[in-house]
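Student: Dropping the structure in here first, questions after.
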Amino acid sequence: MKNIIAKSIFFFFLFTLTFYSQNKILTQTGKNKIDKNGVEITLKKESTLRLEPTVKSSSKIIPIGSNITLLSFSYPFWKVLYLRETGYISDYFLESAVSNKIKDAFVNKVPLARIIIMDEEEKEVQVAAEDLEKANKAAAAEEEEKVKINIEKLKKIGSPIYFISAYVTFNAIENPGAMIAIENISKDTIDAYTVGIYCYNRFGEPVNHYLYHTNRFGGISQETIKPNEEKFGESWTLFGHENTSKIKVILEKVHFTNGKTWYSKKGEPVYIKGVSSL
């Protein structure tokens, strides 16, 4: 009796497994998946399932979000499996990106596995782009935090100016120049400031003026700069310092519209370094 029951259970299990294998319907949603019978997709819009590959064939509606398995393609219809029923839907109902990839498999004999690889490659590119964006945002946030810290340090020693950037530039006849960008971090309006621009070659050696035997070039700006205003493009041609490719710009004094003057304190230089833009 036990043997009969055991055999019955075995054959019932074998029949169930065979039936399931022959009528396998995939249930994964949100991503194409390969079955031995075709490629499963999730419909993005309501579609029409026809019994025959003609517009005159009897049909029924496949709801949006349904899973169907694409079995083959013959323009303009896809042969599909939907709820264990074979039928045909127009290529119109498929997203072009999905449709074109799977057509490569059925029409151009591209291996089905390649479709999934393409999906994964696109996902990797997207993830890489997202990671790069996150890294850029993190770097920008870190740089912004550094700027805030530096400005706070300058305010503590009373400096009215924050150096944003400094570069060595060259004019049409290759004379070097110093270009800087600054921000007025004081509460008063600036109408003049002076800087000492110290010139160096690529070895870091001083480039002295051929007459004055010093590598310092004195620069003055008399533009009006309001509180919290940034000023870009302040520049001076470094006449007599023709081999300059590096500079160190030191703030020396600042004049305000209220008549006050700020002077750099000994031992607390406010400066920025710059290099050649070429």
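In the structure tokens, chains take the letters A, B, ... in the order shown, each chain's residues start at 1, and ligands count up from 1 in the order shown.
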Per DSSP on the backbone, filter stretch 89-248 of chain A down to the residues in strand (DSSP E) and report them as a ChimeraX atom specification.

Tutor: /A:89-90,161-170,176-184,190-200,216-221,230-237,246-248

Student: Need the shell around A:Tyr88: protein/DNA/RNA residues with any atom at most 7 Å away, counting only C-alpha atoms. Skip same-chain ones fewer than 2 positions apart. Format as a PyMOL selection string?

Tutor: chain A and resi 49-53+77-80+90

Student: To one decimal place in Å, what is the distance between atom CA of A:Glu205 and atom CA of A:Val249?

Tutor: 15.6 Å

Student: Write out as CSV the residues of stretch 232-275 of chain A that have any atom within 7 Å of an atom of stretch 171-185 of chain A, one row each with the nearest atom pair and its distance in Å to one decimal, counting only C-alpha atoms, sorted by chain and then rising number.

Tutor:
residue,atom,partner,partner_atom,distance
A:Phe232,CA,A:Ala181,CA,4.3
A:Gly233,CA,A:Met179,CA,6.0
A:Glu234,CA,A:Ile180,CA,5.3
A:Ser235,CA,A:Met179,CA,4.2
A:Trp236,CA,A:Ala178,CA,5.3
A:Thr237,CA,A:Gly177,CA,4.1
A:Leu238,CA,A:Gly177,CA,5.0
A:Glu242,CA,A:Asn175,CA,6.1
A:Thr244,CA,A:Pro176,CA,6.3

Student: Convert the current residue selection to file output with N, CA and C atoms, as a short mmCIF file (atom, residue, chain, number, x, y, z; two decimals), in the first residue's frame.

Tutor:
data_model
loop_
_atom_site.label_atom_id
_atom_site.label_comp_id
_atom_site.auth_asym_id
_atom_site.auth_seq_id
_atom_site.Cartn_x
_atom_site.Cartn_y
_atom_site.Cartn_z
N PHE A 232 36.11 89.69 -10.69
CA PHE A 232 36.96 88.81 -11.49
C PHE A 232 37.68 89.61 -12.57
N GLY A 233 38.84 89.10 -12.99
CA GLY A 233 39.54 89.70 -14.12
C GLY A 233 40.45 90.87 -13.80
N GLU A 234 40.74 91.11 -12.50
CA GLU A 234 41.73 92.13 -12.16
C GLU A 234 43.09 91.67 -12.66
N SER A 235 43.77 92.49 -13.46
CA SER A 235 45.02 92.00 -14.06
C SER A 235 46.06 93.11 -14.19
N TRP A 236 47.32 92.68 -14.22
CA TRP A 236 48.46 93.57 -14.39
C TRP A 236 49.47 92.87 -15.30
N THR A 237 50.06 93.61 -16.24
CA THR A 237 51.13 93.07 -17.07
C THR A 237 52.44 93.20 -16.30
N LEU A 238 53.16 92.09 -16.20
CA LEU A 238 54.37 92.04 -15.36
C LEU A 238 55.60 92.47 -16.16
N GLU A 242 59.84 88.93 -17.52
CA GLU A 242 59.38 88.18 -18.69
C GLU A 242 59.38 86.66 -18.53
N THR A 244 58.34 84.91 -16.01
CA THR A 244 57.44 84.51 -14.92
C THR A 244 56.44 83.44 -15.37
#

Student: Which residues, written as a ChimeraX atom specification, have at least one atom at most 10 Å from A:Gln222, with only C-alpha atoms counted and residues fewer than 3 positions away on the same chain left out?

Tutor: /A:190-194,225,254-255

Student: Just to be explicit: take each residue in the selection above, keep all heavy atoms, and write the result as an mmCIF file, in the first residue's frame.

Tutor:
data_model
loop_
_atom_site.group_PDB
_atom_site.id
_atom_site.type_symbol
_atom_site.label_atom_id
_atom_site.label_comp_id
_atom_site.auth_asym_id
_atom_site.auth_seq_id
_atom_site.Cartn_x
_atom_site.Cartn_y
_atom_site.Cartn_z
ATOM 1 N N ILE A 190 34.858 98.862 -0.616
ATOM 2 C CA ILE A 190 36.269 99.074 -0.973
ATOM 3 C C ILE A 190 36.337 99.913 -2.251
ATOM 4 O O ILE A 190 35.583 99.682 -3.199
ATOM 5 C CB ILE A 190 36.981 97.721 -1.193
ATOM 6 C CG1 ILE A 190 37.002 96.915 0.114
ATOM 7 C CG2 ILE A 190 38.389 97.926 -1.735
ATOM 8 C CD1 ILE A 190 37.483 95.482 -0.069
ATOM 9 N N ASP A 191 37.269 100.880 -2.279
ATOM 10 C CA ASP A 191 37.452 101.642 -3.523
ATOM 11 C C ASP A 191 38.905 101.616 -4.011
ATOM 12 O O ASP A 191 39.230 102.230 -5.024
ATOM 13 C CB ASP A 191 36.943 103.075 -3.393
ATOM 14 C CG ASP A 191 37.665 103.868 -2.310
ATOM 15 O OD1 ASP A 191 38.625 103.325 -1.706
ATOM 16 O OD2 ASP A 191 37.274 105.019 -2.054
ATOM 17 N N ALA A 192 39.771 100.870 -3.290
ATOM 18 C CA ALA A 192 41.157 100.704 -3.757
ATOM 19 C C ALA A 192 41.865 99.668 -2.895
ATOM 20 O O ALA A 192 41.540 99.503 -1.717
ATOM 21 C CB ALA A 192 41.907 102.031 -3.722
ATOM 22 N N TYR A 193 42.828 98.988 -3.515
ATOM 23 C CA TYR A 193 43.694 98.080 -2.750
ATOM 24 C C TYR A 193 44.991 97.888 -3.523
ATOM 25 O O TYR A 193 45.042 98.084 -4.749
ATOM 26 C CB TYR A 193 43.018 96.731 -2.481
ATOM 27 C CG TYR A 193 42.753 95.884 -3.707
ATOM 28 C CD1 TYR A 193 43.702 94.967 -4.170
ATOM 29 C CD2 TYR A 193 41.548 96.002 -4.405
ATOM 30 C CE1 TYR A 193 43.466 94.195 -5.283
ATOM 31 C CE2 TYR A 193 41.305 95.228 -5.516
ATOM 32 C CZ TYR A 193 42.250 94.320 -5.966
ATOM 33 O OH TYR A 193 42.016 93.570 -7.076
ATOM 34 N N THR A 194 46.019 97.530 -2.793
ATOM 35 C CA THR A 194 47.310 97.270 -3.430
ATOM 36 C C THR A 194 47.783 95.860 -3.098
ATOM 37 O O THR A 194 47.447 95.306 -2.041
ATOM 38 C CB THR A 194 48.396 98.262 -2.978
ATOM 39 O OG1 THR A 194 48.638 98.099 -1.574
ATOM 40 C CG2 THR A 194 47.988 99.693 -3.276
ATOM 41 N N ILE A 225 34.188 98.027 -4.841
ATOM 42 C CA ILE A 225 33.716 96.669 -4.577
ATOM 43 C C ILE A 225 32.839 96.698 -3.323
ATOM 44 O O ILE A 225 33.328 96.999 -2.225
ATOM 45 C CB ILE A 225 34.888 95.684 -4.372
ATOM 46 C CG1 ILE A 225 35.911 95.827 -5.501
ATOM 47 C CG2 ILE A 225 34.364 94.251 -4.309
ATOM 48 C CD1 ILE A 225 37.198 95.076 -5.260
ATOM 49 N N VAL A 254 44.240 98.184 1.946
ATOM 50 C CA VAL A 254 42.908 98.328 1.355
ATOM 51 C C VAL A 254 42.315 99.656 1.815
ATOM 52 O O VAL A 254 42.395 100.010 3.008
ATOM 53 C CB VAL A 254 41.967 97.178 1.795
ATOM 54 C CG1 VAL A 254 40.585 97.360 1.180
ATOM 55 C CG2 VAL A 254 42.555 95.830 1.419
ATOM 56 N N HIS A 255 41.727 100.386 0.855
ATOM 57 C CA HIS A 255 41.096 101.676 1.178
ATOM 58 C C HIS A 255 39.587 101.550 0.997
ATOM 59 O O HIS A 255 39.106 100.884 0.071
ATOM 60 C CB HIS A 255 41.641 102.791 0.272
ATOM 61 C CG HIS A 255 41.199 104.161 0.690
ATOM 62 N ND1 HIS A 255 40.063 104.757 0.179
ATOM 63 C CD2 HIS A 255 41.738 105.041 1.584
ATOM 64 C CE1 HIS A 255 39.919 105.949 0.721
ATOM 65 N NE2 HIS A 255 40.933 106.148 1.585
#
